[in-house]
>>> print(open('final00.pdb').read())   # PDB, C-alpha atoms
MODEL        1
ATOM      1  CA  MET A  21       1.930 -86.976 -99.223  1.00  0.00           C
ATOM      2  CA  GLY A  22       5.145 -85.803 -97.544  1.00  0.00           C
ATOM      3  CA  THR A  23       3.135 -83.654 -95.135  1.00  0.00           C
ATOM      4  CA  SER A  24       1.837 -85.500 -92.096  1.00  0.00           C
ATOM      5  CA  ARG A  25      -1.657 -84.622 -91.047  1.00  0.00           C
ATOM      6  CA  LEU A  26      -3.363 -85.307 -87.787  1.00  0.00           C
ATOM      7  CA  THR A  27      -6.178 -87.672 -88.419  1.00  0.00           C
ATOM      8  CA  GLU A  28      -8.948 -88.508 -85.982  1.00  0.00           C
ATOM      9  CA  GLU A  29      -7.246 -91.854 -85.346  1.00  0.00           C
ATOM     10  CA  THR A  30      -3.808 -90.427 -84.487  1.00  0.00           C
ATOM     11  CA  LEU A  31      -5.335 -87.667 -82.398  1.00  0.00           C
ATOM     12  CA  SER A  32      -7.377 -90.233 -80.529  1.00  0.00           C
ATOM     13  CA  LYS A  33      -4.265 -92.354 -79.871  1.00  0.00           C
ATOM     14  CA  ALA A  34      -2.370 -89.283 -78.716  1.00  0.00           C
ATOM     15  CA  CYS A  35      -5.206 -88.338 -76.373  1.00  0.00           C
ATOM     16  CA  ILE A  36      -5.322 -91.840 -74.939  1.00  0.00           C
ATOM     17  CA  GLN A  37      -1.540 -91.892 -74.416  1.00  0.00           C
ATOM     18  CA  HIS A  38      -1.707 -88.465 -72.781  1.00  0.00           C
ATOM     19  CA  PHE A  39      -4.492 -89.580 -70.455  1.00  0.00           C
ATOM     20  CA  LYS A  40      -2.696 -92.826 -69.533  1.00  0.00           C
ATOM     21  CA  ALA A  41       0.488 -90.895 -68.717  1.00  0.00           C
ATOM     22  CA  ILE A  42      -1.523 -88.637 -66.405  1.00  0.00           C
ATOM     23  CA  GLU A  43      -3.062 -91.717 -64.753  1.00  0.00           C
ATOM     24  CA  ASP A  44       0.441 -93.112 -64.168  1.00  0.00           C
ATOM     25  CA  THR A  45       1.485 -89.851 -62.529  1.00  0.00           C
ATOM     26  CA  GLN A  46      -1.662 -89.823 -60.409  1.00  0.00           C
ATOM     27  CA  TYR A  47      -0.921 -93.353 -59.204  1.00  0.00           C
ATOM     28  CA  ILE A  48       2.455 -92.246 -57.862  1.00  0.00           C
ATOM     29  CA  LEU A  49       1.269 -88.935 -56.388  1.00  0.00           C
ATOM     30  CA  THR A  50      -2.258 -89.806 -55.219  1.00  0.00           C
ATOM     31  CA  GLY A  51      -3.059 -89.321 -51.583  1.00  0.00           C
ATOM     32  CA  LYS A  52      -3.129 -86.541 -49.079  1.00  0.00           C
ATOM     33  CA  TRP A  53       0.549 -86.704 -48.159  1.00  0.00           C
ATOM     34  CA  ARG A  54       2.789 -87.794 -51.056  1.00  0.00           C
ATOM     35  CA  ILE A  55       3.070 -84.468 -52.845  1.00  0.00           C
ATOM     36  CA  SER A  56       3.695 -82.684 -49.535  1.00  0.00           C
ATOM     37  CA  ILE A  57       6.443 -85.160 -48.609  1.00  0.00           C
ATOM     38  CA  ILE A  58       8.132 -84.714 -51.984  1.00  0.00           C
ATOM     39  CA  ALA A  59       7.761 -80.913 -51.771  1.00  0.00           C
ATOM     40  CA  MET A  60       9.516 -80.868 -48.385  1.00  0.00           C
ATOM     41  CA  LEU A  61      12.323 -83.122 -49.556  1.00  0.00           C
ATOM     42  CA  VAL A  62      12.964 -80.922 -52.615  1.00  0.00           C
ATOM     43  CA  PHE A  63      14.740 -78.461 -50.340  1.00  0.00           C
ATOM     44  CA  ARG A  64      16.842 -80.845 -48.231  1.00  0.00           C
ATOM     45  CA  LYS A  65      17.046 -84.302 -46.724  1.00  0.00           C
ATOM     46  CA  MET A  66      15.084 -84.779 -43.527  1.00  0.00           C
ATOM     47  CA  ARG A  67      14.827 -87.169 -40.640  1.00  0.00           C
ATOM     48  CA  TYR A  68      11.650 -89.147 -40.111  1.00  0.00           C
ATOM     49  CA  LEU A  69      10.577 -87.157 -37.045  1.00  0.00           C
ATOM     50  CA  GLU A  70      11.198 -83.850 -38.842  1.00  0.00           C
ATOM     51  CA  LEU A  71       8.850 -84.916 -41.616  1.00  0.00           C
ATOM     52  CA  GLN A  72       6.244 -86.073 -39.123  1.00  0.00           C
ATOM     53  CA  ARG A  73       6.344 -82.761 -37.241  1.00  0.00           C
ATOM     54  CA  LEU A  74       6.084 -80.704 -40.430  1.00  0.00           C
ATOM     55  CA  LEU A  75       3.261 -82.811 -41.872  1.00  0.00           C
ATOM     56  CA  ASN A  76       0.674 -81.691 -39.387  1.00  0.00           C
ATOM     57  CA  GLY A  77      -1.791 -84.512 -38.749  1.00  0.00           C
ATOM     58  CA  ILE A  78      -0.003 -87.462 -40.345  1.00  0.00           C
ATOM     59  CA  GLY A  79       0.292 -90.603 -38.240  1.00  0.00           C
ATOM     60  CA  THR A  80       3.425 -92.712 -37.939  1.00  0.00           C
ATOM     61  CA  LYS A  81       1.948 -95.656 -39.858  1.00  0.00           C
ATOM     62  CA  MET A  82       0.768 -93.425 -42.694  1.00  0.00           C
ATOM     63  CA  LEU A  83       4.116 -91.617 -42.972  1.00  0.00           C
ATOM     64  CA  SER A  84       5.970 -94.948 -43.030  1.00  0.00           C
ATOM     65  CA  LYS A  85       3.612 -96.283 -45.694  1.00  0.00           C
ATOM     66  CA  GLU A  86       3.914 -93.178 -47.877  1.00  0.00           C
ATOM     67  CA  LEU A  87       7.711 -93.055 -47.593  1.00  0.00           C
ATOM     68  CA  GLN A  88       7.883 -96.747 -48.469  1.00  0.00           C
ATOM     69  CA  HIS A  89       5.686 -96.181 -51.551  1.00  0.00           C
ATOM     70  CA  LEU A  90       7.892 -93.287 -52.682  1.00  0.00           C
ATOM     71  CA  GLU A  91      11.027 -95.348 -52.068  1.00  0.00           C
ATOM     72  CA  ILE A  92       9.680 -98.353 -54.015  1.00  0.00           C
ATOM     73  CA  ASN A  93       8.936 -96.032 -56.931  1.00  0.00           C
ATOM     74  CA  GLY A  94      12.466 -94.621 -56.908  1.00  0.00           C
ATOM     75  CA  LEU A  95      11.566 -91.102 -55.804  1.00  0.00           C
ATOM     76  CA  VAL A  96      12.968 -91.168 -52.271  1.00  0.00           C
ATOM     77  CA  SER A  97      16.031 -92.811 -50.781  1.00  0.00           C
ATOM     78  CA  ARG A  98      16.344 -93.890 -47.164  1.00  0.00           C
ATOM     79  CA  THR A  99      19.676 -93.739 -45.339  1.00  0.00           C
ATOM     80  CA  VAL A 100      20.254 -95.282 -41.930  1.00  0.00           C
ATOM     81  CA  ARG A 101      23.036 -93.508 -40.013  1.00  0.00           C
ATOM     82  CA  ASN A 102      24.993 -95.518 -37.454  1.00  0.00           C
ATOM     83  CA  THR A 103      24.515 -93.039 -34.642  1.00  0.00           C
ATOM     84  CA  LYS A 104      23.151 -93.428 -31.139  1.00  0.00           C
ATOM     85  CA  PRO A 105      20.241 -93.434 -31.381  1.00  0.00           C
ATOM     86  CA  ILE A 106      20.102 -94.599 -35.001  1.00  0.00           C
ATOM     87  CA  THR A 107      19.130 -91.795 -37.371  1.00  0.00           C
ATOM     88  CA  VAL A 108      17.089 -92.415 -40.512  1.00  0.00           C
ATOM     89  CA  GLU A 109      17.183 -89.739 -43.208  1.00  0.00           C
ATOM     90  CA  TYR A 110      15.104 -89.400 -46.342  1.00  0.00           C
ATOM     91  CA  GLU A 111      15.999 -87.479 -49.461  1.00  0.00           C
ATOM     92  CA  LEU A 112      14.819 -87.230 -53.018  1.00  0.00           C
ATOM     93  CA  THR A 113      16.665 -89.264 -55.581  1.00  0.00           C
ATOM     94  CA  ALA A 114      17.756 -87.612 -58.815  1.00  0.00           C
ATOM     95  CA  TYR A 115      14.612 -89.121 -60.327  1.00  0.00           C
ATOM     96  CA  GLY A 116      12.494 -87.655 -57.519  1.00  0.00           C
ATOM     97  CA  LYS A 117      14.058 -84.243 -58.121  1.00  0.00           C
ATOM     98  CA  SER A 118      12.707 -84.392 -61.669  1.00  0.00           C
ATOM     99  CA  LEU A 119       9.298 -83.594 -60.106  1.00  0.00           C
ATOM    100  CA  LYS A 120      10.501 -80.141 -58.979  1.00  0.00           C
ATOM    101  CA  PRO A 121       9.225 -78.301 -62.105  1.00  0.00           C
ATOM    102  CA  LEU A 122       5.800 -79.894 -61.597  1.00  0.00           C
ATOM    103  CA  LEU A 123       5.773 -78.861 -57.924  1.00  0.00           C
ATOM    104  CA  ASP A 124       6.911 -75.329 -58.808  1.00  0.00           C
ATOM    105  CA  GLU A 125       4.082 -75.047 -61.323  1.00  0.00           C
ATOM    106  CA  MET A 126       1.573 -76.373 -58.780  1.00  0.00           C
ATOM    107  CA  ALA A 127       2.786 -73.740 -56.300  1.00  0.00           C
ATOM    108  CA  ARG A 128       2.451 -70.967 -58.914  1.00  0.00           C
ATOM    109  CA  TRP A 129      -1.037 -72.116 -59.841  1.00  0.00           C
ATOM    110  CA  GLY A 130      -2.060 -72.438 -56.172  1.00  0.00           C
ATOM    111  CA  THR A 131      -0.855 -68.913 -55.403  1.00  0.00           C
ATOM    112  CA  ALA A 132      -2.728 -67.475 -58.401  1.00  0.00           C
ATOM    113  CA  HIS A 133      -5.847 -69.464 -57.541  1.00  0.00           C
ATOM    114  CA  LYS A 134      -5.851 -68.271 -53.951  1.00  0.00           C
ATOM    115  CA  LYS A 135      -5.500 -64.634 -55.089  1.00  0.00           C
ATOM    116  CA  ARG A 136      -8.385 -65.142 -57.527  1.00  0.00           C
ATOM    117  CA  ILE A 137     -10.648 -66.669 -54.894  1.00  0.00           C
ATOM    118  CA  VAL A 138      -9.801 -63.975 -52.316  1.00  0.00           C
ATOM    119  CA  LYS A 139     -10.509 -61.288 -54.931  1.00  0.00           C
ATOM    120  CA  GLU A 140     -13.855 -62.900 -55.876  1.00  0.00           C
ATOM    121  CA  VAL A 141     -14.911 -63.202 -52.238  1.00  0.00           C
ATOM    122  CA  GLY A 142     -13.862 -59.603 -51.611  1.00  0.00           C
ATOM    123  CA  THR A 143     -16.078 -58.309 -54.430  1.00  0.00           C
ATOM    124  CA  LYS A 144     -19.214 -60.091 -53.198  1.00  0.00           C
TER     125      LYS A 144
ENDMDL
END
>>> encode(input="final00.pdb", output="structure tokens")
Amino acid sequence: MGTSRLTEETLSKACIQHFKAIEDTQYILTGKWRISIIAMLVFRKMRYLELQRLLNGIGTKMLSKELQHLEINGLVSRTVRNTKPITVEYELTAYGKSLKPLLDEMARWGTAHKKRIVKEVGTK
């Protein structure tokens, strides 16, 4: 009786909790641009126009919307510098930086996947 055993019920609850946690993560990171924005800000803070230039194809409204979403969720901070003209910089918060291991793993997987696909195409 001192030994805990996984029962179908506890496993099912664990699976549901696991799935819900993944859904929560997806909510924050869903979309074409959010992960790319976070990945760029992992390395350094950037001005709005820098981000827009690097994110090939993103419009100004979309970038503003995505940055606002990331800021509301505590992943990105926005700093307005009192310069002429006014400069707005974005950087990851400490909480946002906690996504770095996930991004690193995504990059590793993407690199391995690309090699696999290139190898498969090369053998056909």
>>> closest_atom_pairs(input="final00.pdb", of="stretch 64-89 of chain A", to="stretch 109-133 of chain A", cutoff="10 Å", atoms="all atoms listed in the file", output="JSON lines")
{"residue": "A:Arg64", "atom": "CA", "partner": "A:Glu111", "partner_atom": "CA", "distance": 6.8}
{"residue": "A:Lys65", "atom": "CA", "partner": "A:Glu111", "partner_atom": "CA", "distance": 4.3}
{"residue": "A:Met66", "atom": "CA", "partner": "A:Glu109", "partner_atom": "CA", "distance": 5.4}
{"residue": "A:Arg67", "atom": "CA", "partner": "A:Glu109", "partner_atom": "CA", "distance": 4.3}
{"residue": "A:Tyr68", "atom": "CA", "partner": "A:Glu109", "partner_atom": "CA", "distance": 6.4}
{"residue": "A:Leu69", "atom": "CA", "partner": "A:Glu109", "partner_atom": "CA", "distance": 9.4}
{"residue": "A:Glu70", "atom": "CA", "partner": "A:Glu109", "partner_atom": "CA", "distance": 9.5}
{"residue": "A:Leu71", "atom": "CA", "partner": "A:Tyr110", "partner_atom": "CA", "distance": 9.0}
{"residue": "A:Leu87", "atom": "CA", "partner": "A:Tyr110", "partner_atom": "CA", "distance": 8.3}
>>> resolve_selection(input="final00.pdb", expression="the PyMOL selection byres ((chain A and resi 57) around 9)", output="list in words")
Trp53, Arg54, Ile55, Ser56, Ile58, Ala59, Met60, Leu61, Val62, Leu71, Leu75, Leu83, Glu86 and Leu87 of chain A
>>> axis_aligned_box(input="final00.pdb", around="stretch 70-76 of chain A", padding_each_side="4 Å", output="lines of an AutoDock Vina configuration file")
center_x = 5.9
center_y = -83.4
center_z = -39.6
size_x = 18.5
size_y = 13.4
size_z = 12.6
>>> closest_residue(input="final00.pdb", among="A:Lys52, A:Val100, A:Leu95, A:Leu31", to="A:Gly77", atoms="only C-alpha atoms")
A:Lys52
>>> closest_residue(input="final00.pdb", among="A:Ile48, A:Ser84, A:Ile42, A:Pro105", to="A:Gln72", atoms="all atoms listed in the file")
A:Ser84
>>> decode(input="final00.pdb", residues="stretch 78-100 of chain A", atoms="N, CA, C and O atoms", output="mmCIF file, in the first residue's frame")
data_model
loop_
_atom_site.group_PDB
_atom_site.id
_atom_site.type_symbol
_atom_site.label_atom_id
_atom_site.label_comp_id
_atom_site.auth_asym_id
_atom_site.auth_seq_id
_atom_site.Cartn_x
_atom_site.Cartn_y
_atom_site.Cartn_z
ATOM 1 N N ILE A 78 5.874 41.079 -42.576
ATOM 2 C CA ILE A 78 4.908 41.472 -41.552
ATOM 3 C C ILE A 78 4.515 42.940 -41.768
ATOM 4 O O ILE A 78 5.353 43.779 -42.087
ATOM 5 N N GLY A 79 3.238 43.217 -41.592
ATOM 6 C CA GLY A 79 2.748 44.586 -41.706
ATOM 7 C C GLY A 79 2.842 45.308 -40.372
ATOM 8 O O GLY A 79 3.007 44.687 -39.316
ATOM 9 N N THR A 80 2.720 46.614 -40.409
ATOM 10 C CA THR A 80 2.850 47.408 -39.182
ATOM 11 C C THR A 80 1.747 47.092 -38.181
ATOM 12 O O THR A 80 2.012 46.977 -36.979
ATOM 13 N N LYS A 81 0.512 46.933 -38.677
ATOM 14 C CA LYS A 81 -0.598 46.619 -37.761
ATOM 15 C C LYS A 81 -0.398 45.263 -37.096
ATOM 16 O O LYS A 81 -0.640 45.101 -35.901
ATOM 17 N N MET A 82 0.039 44.288 -37.882
ATOM 18 C CA MET A 82 0.237 42.939 -37.346
ATOM 19 C C MET A 82 1.366 42.935 -36.315
ATOM 20 O O MET A 82 1.235 42.326 -35.254
ATOM 21 N N LEU A 83 2.470 43.609 -36.615
ATOM 22 C CA LEU A 83 3.588 43.652 -35.667
ATOM 23 C C LEU A 83 3.144 44.322 -34.369
ATOM 24 O O LEU A 83 3.432 43.822 -33.285
ATOM 25 N N SER A 84 2.429 45.427 -34.483
ATOM 26 C CA SER A 84 1.927 46.114 -33.276
ATOM 27 C C SER A 84 1.032 45.199 -32.461
ATOM 28 O O SER A 84 1.153 45.118 -31.237
ATOM 29 N N LYS A 85 0.135 44.492 -33.150
ATOM 30 C CA LYS A 85 -0.794 43.588 -32.470
ATOM 31 C C LYS A 85 -0.048 42.455 -31.772
ATOM 32 O O LYS A 85 -0.337 42.120 -30.618
ATOM 33 N N GLU A 86 0.923 41.865 -32.448
ATOM 34 C CA GLU A 86 1.668 40.746 -31.871
ATOM 35 C C GLU A 86 2.514 41.202 -30.680
ATOM 36 O O GLU A 86 2.572 40.519 -29.661
ATOM 37 N N LEU A 87 3.170 42.350 -30.815
ATOM 38 C CA LEU A 87 3.964 42.875 -29.701
ATOM 39 C C LEU A 87 3.071 43.190 -28.503
ATOM 40 O O LEU A 87 3.438 42.916 -27.361
ATOM 41 N N GLN A 88 1.902 43.733 -28.771
ATOM 42 C CA GLN A 88 0.961 44.038 -27.688
ATOM 43 C C GLN A 88 0.522 42.754 -26.981
ATOM 44 O O GLN A 88 0.472 42.698 -25.749
ATOM 45 N N HIS A 89 0.226 41.711 -27.743
ATOM 46 C CA HIS A 89 -0.166 40.419 -27.162
ATOM 47 C C HIS A 89 0.953 39.873 -26.273
ATOM 48 O O HIS A 89 0.699 39.416 -25.156
ATOM 49 N N LEU A 90 2.188 39.935 -26.777
ATOM 50 C CA LEU A 90 3.325 39.423 -26.004
ATOM 51 C C LEU A 90 3.575 40.270 -24.759
ATOM 52 O O LEU A 90 3.952 39.742 -23.706
ATOM 53 N N GLU A 91 3.331 41.563 -24.863
ATOM 54 C CA GLU A 91 3.501 42.450 -23.710
ATOM 55 C C GLU A 91 2.420 42.182 -22.655
ATOM 56 O O GLU A 91 2.731 42.075 -21.462
ATOM 57 N N ILE A 92 1.184 42.027 -23.085
ATOM 58 C CA ILE A 92 0.074 41.737 -22.167
ATOM 59 C C ILE A 92 0.329 40.438 -21.407
ATOM 60 O O ILE A 92 0.011 40.326 -20.227
ATOM 61 N N ASN A 93 0.951 39.481 -22.077
ATOM 62 C CA ASN A 93 1.223 38.185 -21.451
ATOM 63 C C ASN A 93 2.550 38.143 -20.691
ATOM 64 O O ASN A 93 2.986 37.086 -20.250
ATOM 65 N N GLY A 94 3.196 39.292 -20.565
ATOM 66 C CA GLY A 94 4.387 39.392 -19.724
ATOM 67 C C GLY A 94 5.661 38.862 -20.337
ATOM 68 O O GLY A 94 6.651 38.656 -19.627
ATOM 69 N N LEU A 95 5.674 38.646 -21.650
ATOM 70 C CA LEU A 95 6.860 38.091 -22.295
ATOM 71 C C LEU A 95 7.788 39.167 -22.846
ATOM 72 O O LEU A 95 8.989 38.949 -22.972
ATOM 73 N N VAL A 96 7.233 40.306 -23.185
ATOM 74 C CA VAL A 96 7.990 41.389 -23.812
ATOM 75 C C VAL A 96 7.726 42.676 -23.042
ATOM 76 O O VAL A 96 6.602 42.916 -22.585
ATOM 77 N N SER A 97 8.755 43.491 -22.901
ATOM 78 C CA SER A 97 8.560 44.814 -22.314
ATOM 79 C C SER A 97 8.853 45.869 -23.380
ATOM 80 O O SER A 97 9.685 45.669 -24.267
ATOM 81 N N ARG A 98 8.156 46.963 -23.271
ATOM 82 C CA ARG A 98 8.254 48.071 -24.223
ATOM 83 C C ARG A 98 8.807 49.272 -23.479
ATOM 84 O O ARG A 98 8.293 49.654 -22.434
ATOM 85 N N THR A 99 9.867 49.875 -24.027
ATOM 86 C CA THR A 99 10.475 51.049 -23.417
ATOM 87 C C THR A 99 10.474 52.189 -24.422
ATOM 88 O O THR A 99 10.944 52.020 -25.548
ATOM 89 N N VAL A 100 9.930 53.322 -23.999
ATOM 90 C CA VAL A 100 9.920 54.509 -24.851
ATOM 91 C C VAL A 100 11.070 55.394 -24.403
ATOM 92 O O VAL A 100 11.139 55.803 -23.245
#
